[in-house]
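See structure below.
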Amino acid sequence: MLRILIFSLLFLCLPVINRAQGQKHSFELGKTDFLLDGKPYQIISGEMHPARIPAEYWRHRIQMAKAMGCNTIAAYVFWNYHELEPGVFDFQTGNHNIAQFIRIAQEEGLWVLLRPGPYVCAEWDFGGLPSYLLSIPDIKVRCMDPRYTAAVERYIKNLAIQVRDLQVTKGGPILMVQAENEYGSYGNDRNYMKWLQDLWRKNGIDVPFYTADGAAPFMLEAGSLPDAAIGLDPGANESNFAEATRVNPNVPSFCSELYPGWLTHWGEQWQHPDTAALLKDVRWLMDHKKSFNFYVLHGGTNFGWWAGANAFSPDQYQPDVTSYDYDAPVNEMGQATPKYMALRNLLAGYLPKKQKLMPVPAAMPVIEIPDIRITETAPVWQNLPEAIASVQPKPMEMFGQKGGFILYRTHLVGHKKGKLRITDLHDYATVFVDGKYIGKLDRAKAENIIELPASESSNPQLDILVEGMGRINFAEYMIDRKGITDRVSLNGMTLMNWEVFPLPFDEAYLKELKYTSGNATQPGIFFKGEFNLATTGDTYIDMSAWQKGVVWVNGHNLGRYWEIGPQKRLYCPAPWLKPGKNEIVVFDLHVVEPKTISGAKSME
């Protein structure tokens, strides 16, 4: 009873404690409890990721977590989002400003669990590791490979500068820092795990650490640290927590990832896990005073090329959709769902008498956009950069390219028709002979052979346009370079002497596109149009009439769409729109004539 009374009083005083910004606190690991200023404390956390949310909406999403009953925000930091080039960091612009996100959480009266990687999984490209590592042919990651650890040291040193003064011990809201992530699902280098923890301490991180692993003995043994709290992904019953206690009876354990929703791959149906089962788990955690973190409370969006992929065998490839709605309590647009209200009602029932949750913040305005007219086109074939000569194809990382598309071109000598094999295709290719579209190959369907017809040319030109989709972000097949990773053969003959055209489709590339008002016939075309708005609001750009490609609005990459679904509408936040004239650019791999585009108020 005494423990329950202490918890209730602490929960009641939480807003007062947190609003005293700059006041130092202690946060320690007891044997079974987390101790805030020496007293047992239950963490009720909602996870969201700054990189997936426009910075203009950070405060709203954090307020949504508080209004649901959370007292803490958990946040992944994506290394590759902040260090695009070796040694060049961005912790200041837009939604890269992780320190500002943490300060907003504190201003709203919430604590923070920081999940900085270096590896995070998160259905994010390469699990958060920077793609430049893949330019090293024999690189080994998440271990003591000195090429990898040198890069990690640089990252941790630079990130620590941003966050170390935001620890609870220095008057900030950060209670704990996670060391690595689900390491027991990947490797067993205990030296690496200890080295990471020591590196953080060397760089000024003095709050407790925690690890996060599945509640299985082998995962917990390989992934835990002797003096770090044990996170369970997930943990919502007595046996899960007993497993953690058997591994280490001297530190508290908690549910570091409780799943209100789940991820979705291209070609699947949207995931909608059972809410009743979720509520049962939350009741058990609340009744037993176990700390927990909703993964995720709000998912946001994998804008640009940032969506990841899964693979659990060498031949499997499952790319993730652009939306990270995740069937989370707060949907992609930041709106409260029925799941949110059910959780809010449940958590409100555990508040001390006379205490109420804050009102649910108002939803952001949403708008429709009438049909948008496409007025100009720019075939990629007339907008190629300078070619790079390569005896055999190489993946895009070997050319310093982080994402997007890449074109491989050669002329056929010897064999000029027959079975063309790509070893290995990563991830989706359209194939052309003398400018004529032959067909597509899709890694997700294990397609790597296509029949080339005879050509009237004596020296046929072969073009292979490859889209690199998400890099694998989990388990043992994470070394996932993009483009053509080995060779191309025709009837067993290896094709040599290629021209390679990196096509990152970044801001600089798009600015140089040369548009015309005429029609193009060879697939692989940019389409541009304009639309006028009297007022702005969130919207979904409806691409259901198109086939497979990417959309930019006012220069912002909204991500990928694909006719196989389930996602055919792309979220466009209001801050990326403006009253008056707006511009839309579409690149589609298959469409040669513009189709209908409009803006809708919902995903479906």
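Residues are named by chain letter and number: chains run A, B, ... in the order of the structure tokens, numbers start at 1 in each chain, and ligands are numbered from 1 in the order shown.
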Near stretch 473-489 of chain A, within 8 Å and counting only C-alpha atoms, which residues show up once chain neighbours fewer than 2 positions away are dropped, as a ChimeraX atom specification?
-> /A:121-128,134,185-186,308-314,392-397,403,405-406,420-427,466-469,471,491-495
Using the selection just defined, write its residues with N, CA and C atoms as a compact mmCIF listing (two decimals), in the first residue's frame.
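That gives us again09.txt:
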```
# COMPACT_ATOMS: atom_id res chain seq x y z
N CYS A 121 16.74 0.04 -35.82
CA CYS A 121 15.70 -0.74 -36.52
C CYS A 121 14.62 0.22 -37.03
N ALA A 122 13.46 0.27 -36.35
CA ALA A 122 12.44 1.31 -36.56
C ALA A 122 11.84 1.33 -37.96
N GLU A 123 12.00 0.25 -38.76
CA GLU A 123 11.49 0.28 -40.13
C GLU A 123 12.05 1.48 -40.90
N TRP A 124 13.25 1.87 -40.54
CA TRP A 124 13.93 3.03 -41.13
C TRP A 124 15.11 2.52 -41.94
N ASP A 125 15.41 3.17 -43.05
CA ASP A 125 16.46 2.73 -43.96
C ASP A 125 17.75 2.35 -43.23
N PHE A 126 18.21 1.10 -43.44
CA PHE A 126 19.45 0.58 -42.86
C PHE A 126 19.44 0.66 -41.33
N GLY A 127 18.24 0.67 -40.74
CA GLY A 127 18.15 0.71 -39.28
C GLY A 127 18.80 1.92 -38.66
N GLY A 128 18.91 3.01 -39.44
CA GLY A 128 19.52 4.23 -38.93
C GLY A 128 21.00 4.36 -39.19
N LEU A 134 28.45 1.55 -46.43
CA LEU A 134 28.37 0.48 -47.42
C LEU A 134 29.30 0.71 -48.61
N SER A 185 18.93 -9.85 -31.02
CA SER A 185 18.34 -10.38 -32.25
C SER A 185 19.34 -10.37 -33.40
N TYR A 186 20.52 -9.81 -33.16
CA TYR A 186 21.50 -9.65 -34.24
C TYR A 186 22.83 -10.32 -33.96
N GLY A 308 12.29 1.68 -44.56
CA GLY A 308 13.19 0.52 -44.53
C GLY A 308 12.56 -0.71 -45.18
N ALA A 309 13.08 -1.88 -44.80
CA ALA A 309 12.61 -3.14 -45.38
C ALA A 309 12.99 -4.28 -44.44
N ASN A 310 12.32 -5.41 -44.61
CA ASN A 310 12.64 -6.61 -43.84
C ASN A 310 13.05 -7.75 -44.77
N ALA A 311 13.84 -8.66 -44.24
CA ALA A 311 14.22 -9.89 -44.94
C ALA A 311 14.66 -10.90 -43.90
N PHE A 312 14.08 -12.08 -43.95
CA PHE A 312 14.41 -13.11 -42.98
C PHE A 312 15.00 -14.35 -43.64
N SER A 313 15.34 -14.22 -44.93
CA SER A 313 16.09 -15.25 -45.66
C SER A 313 16.82 -14.52 -46.78
N PRO A 314 17.84 -15.14 -47.38
CA PRO A 314 18.60 -14.44 -48.43
C PRO A 314 17.76 -14.05 -49.63
N GLN A 392 32.10 -3.35 -64.85
CA GLN A 392 30.87 -4.05 -64.49
C GLN A 392 30.05 -3.14 -63.59
N PRO A 393 28.75 -3.42 -63.47
CA PRO A 393 27.92 -2.57 -62.62
C PRO A 393 28.40 -2.58 -61.16
N LYS A 394 28.19 -1.48 -60.49
CA LYS A 394 28.45 -1.36 -59.07
C LYS A 394 27.23 -0.75 -58.40
N PRO A 395 27.01 -1.06 -57.12
CA PRO A 395 25.85 -0.45 -56.44
C PRO A 395 26.05 1.04 -56.23
N MET A 396 24.96 1.73 -55.95
CA MET A 396 24.99 3.19 -55.87
C MET A 396 25.89 3.71 -54.76
N GLU A 397 26.06 2.94 -53.68
CA GLU A 397 26.91 3.41 -52.59
C GLU A 397 28.36 3.59 -53.03
N GLY A 403 20.50 7.36 -52.05
CA GLY A 403 19.19 6.79 -52.34
C GLY A 403 18.69 7.25 -53.68
N PHE A 405 17.43 6.51 -57.58
CA PHE A 405 17.47 5.62 -58.74
C PHE A 405 18.88 5.64 -59.31
N ILE A 406 19.16 4.67 -60.17
CA ILE A 406 20.46 4.60 -60.84
C ILE A 406 20.26 3.88 -62.17
N LEU A 420 18.19 -12.50 -69.89
CA LEU A 420 19.00 -11.51 -69.17
C LEU A 420 18.82 -11.75 -67.67
N ARG A 421 19.94 -11.92 -66.99
CA ARG A 421 19.91 -12.16 -65.54
C ARG A 421 20.66 -11.04 -64.83
N ILE A 422 20.04 -10.50 -63.76
CA ILE A 422 20.70 -9.49 -62.93
C ILE A 422 21.05 -10.12 -61.59
N THR A 423 22.33 -10.05 -61.25
CA THR A 423 22.83 -10.64 -60.00
C THR A 423 23.58 -9.55 -59.23
N ASP A 424 23.06 -9.05 -58.17
CA ASP A 424 21.70 -9.18 -57.68
C ASP A 424 21.00 -7.84 -57.86
N LEU A 425 19.70 -7.90 -58.10
CA LEU A 425 18.92 -6.69 -58.29
C LEU A 425 18.42 -6.17 -56.94
N HIS A 426 18.74 -4.91 -56.65
CA HIS A 426 18.27 -4.26 -55.43
C HIS A 426 17.75 -2.86 -55.79
N ASP A 427 16.42 -2.68 -56.21
CA ASP A 427 15.39 -3.60 -55.82
C ASP A 427 14.32 -3.76 -56.91
N VAL A 466 17.20 1.29 -62.26
CA VAL A 466 16.96 0.58 -61.00
C VAL A 466 16.53 1.58 -59.92
N GLU A 467 15.46 1.23 -59.25
CA GLU A 467 15.03 1.97 -58.06
C GLU A 467 15.53 1.24 -56.83
N GLY A 468 16.31 1.94 -56.01
CA GLY A 468 16.68 1.39 -54.71
C GLY A 468 15.59 1.72 -53.72
N MET A 469 14.93 0.70 -53.20
CA MET A 469 13.89 0.94 -52.19
C MET A 469 14.54 0.85 -50.81
N ARG A 471 16.52 0.04 -47.50
CA ARG A 471 17.55 -0.90 -47.06
C ARG A 471 17.02 -1.71 -45.89
N ASN A 491 22.31 -14.91 -71.44
CA ASN A 491 22.56 -16.31 -71.80
C ASN A 491 23.86 -16.82 -71.19
N GLY A 492 24.15 -16.36 -69.97
CA GLY A 492 25.36 -16.80 -69.26
C GLY A 492 26.59 -15.98 -69.55
N MET A 493 26.55 -15.09 -70.54
CA MET A 493 27.70 -14.24 -70.86
C MET A 493 27.65 -12.97 -70.02
N THR A 494 28.70 -12.70 -69.26
CA THR A 494 28.75 -11.50 -68.45
C THR A 494 28.92 -10.27 -69.33
N LEU A 495 28.04 -9.31 -69.15
CA LEU A 495 28.07 -8.09 -69.96
C LEU A 495 29.02 -7.08 -69.33
```
Just the residues within 8 Å of stretch 372-375 of chain A, please, counting only C-alpha atoms, with nothing from its chain fewer than 5 positions along; format it as a list in words.
-> Ser517, Phe527, Lys528, Gly529, Glu530, Phe531, Pro594, Thr596, Ile597 and Ser598 of chain A
Selection to disk with C-alpha atoms, as a compact mmCIF listing (two decimals), in the first residue's frame:
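Okay, this is what ended up in out-v1.txt:
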```txt
# COMPACT_ATOMS: atom_id res chain seq x y z
CA SER A 517 5.06 20.72 -73.08
CA PHE A 527 5.40 15.29 -64.73
CA LYS A 528 4.96 18.82 -63.38
CA GLY A 529 1.83 20.77 -62.55
CA GLU A 530 0.62 23.69 -60.46
CA PHE A 531 -2.36 24.26 -58.20
CA PRO A 594 -0.50 12.22 -67.08
CA THR A 596 -5.62 12.45 -62.32
CA ILE A 597 -4.14 13.91 -59.11
CA SER A 598 -6.09 15.48 -56.26
```
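Interatomic distance, atom CA of A:Glu386 against atom CA of A:Val500: 8.6 Å.
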Mind checking DSSP for stretch 316-428 of chain A and telling me the strand (DSSP E or B) residues as a ChimeraX atom specification?
-> /A:318-320,323,330,336,366,369,373-379,388-390,404-411,418-426,428
What's the 10 Å shell around stretch 554-556 of chain A, counting only C-alpha atoms, without same-chain residues fewer than 2 positions away, as a list in words?
-> Phe303, Gly304, Asp506, Glu507, Leu510, Lys511, Glu530, Val551, Trp552, Leu558, Gly559, Cys572, Trp576, Leu577, Lys578, Lys581, Asn582, Glu583, Ile584 and Val585 of chain A
Writer output for current selection, C-alpha atoms, as a PDB file, in the first residue's frame:
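So again.pdb came out as:
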```
ATOM      1  CA  PHE A 303       9.249  10.956 -46.224  1.00  0.00           C
ATOM      2  CA  GLY A 304      11.775  10.774 -49.061  1.00  0.00           C
ATOM      3  CA  ASP A 506      17.576  15.246 -54.867  1.00  0.00           C
ATOM      4  CA  GLU A 507      16.883  18.965 -54.678  1.00  0.00           C
ATOM      5  CA  LEU A 510      15.177  18.472 -59.623  1.00  0.00           C
ATOM      6  CA  LYS A 511      16.144  22.121 -60.047  1.00  0.00           C
ATOM      7  CA  GLU A 530       0.621  23.688 -60.462  1.00  0.00           C
ATOM      8  CA  VAL A 551       5.887  12.761 -55.510  1.00  0.00           C
ATOM      9  CA  TRP A 552       7.367  16.148 -54.616  1.00  0.00           C
ATOM     10  CA  LEU A 558       6.501  12.989 -49.965  1.00  0.00           C
ATOM     11  CA  GLY A 559       7.773   9.458 -50.634  1.00  0.00           C
ATOM     12  CA  CYS A 572       1.306  16.250 -47.389  1.00  0.00           C
ATOM     13  CA  TRP A 576       4.769  22.348 -46.930  1.00  0.00           C
ATOM     14  CA  LEU A 577       1.920  24.138 -48.734  1.00  0.00           C
ATOM     15  CA  LYS A 578       1.325  27.870 -49.183  1.00  0.00           C
ATOM     16  CA  LYS A 581       0.553  28.890 -56.332  1.00  0.00           C
ATOM     17  CA  ASN A 582       1.997  25.465 -55.413  1.00  0.00           C
ATOM     18  CA  GLU A 583       4.030  23.059 -57.531  1.00  0.00           C
ATOM     19  CA  ILE A 584       3.780  19.276 -57.791  1.00  0.00           C
ATOM     20  CA  VAL A 585       6.287  16.974 -59.518  1.00  0.00           C
TER      21      VAL A 585
END
```
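Take the candidates A:Ser323, A:Leu346, A:Asp213, A:Val330 and check each one against A:Arg569 using only C-alpha atoms; the shortest distance goes to A:Ser323.
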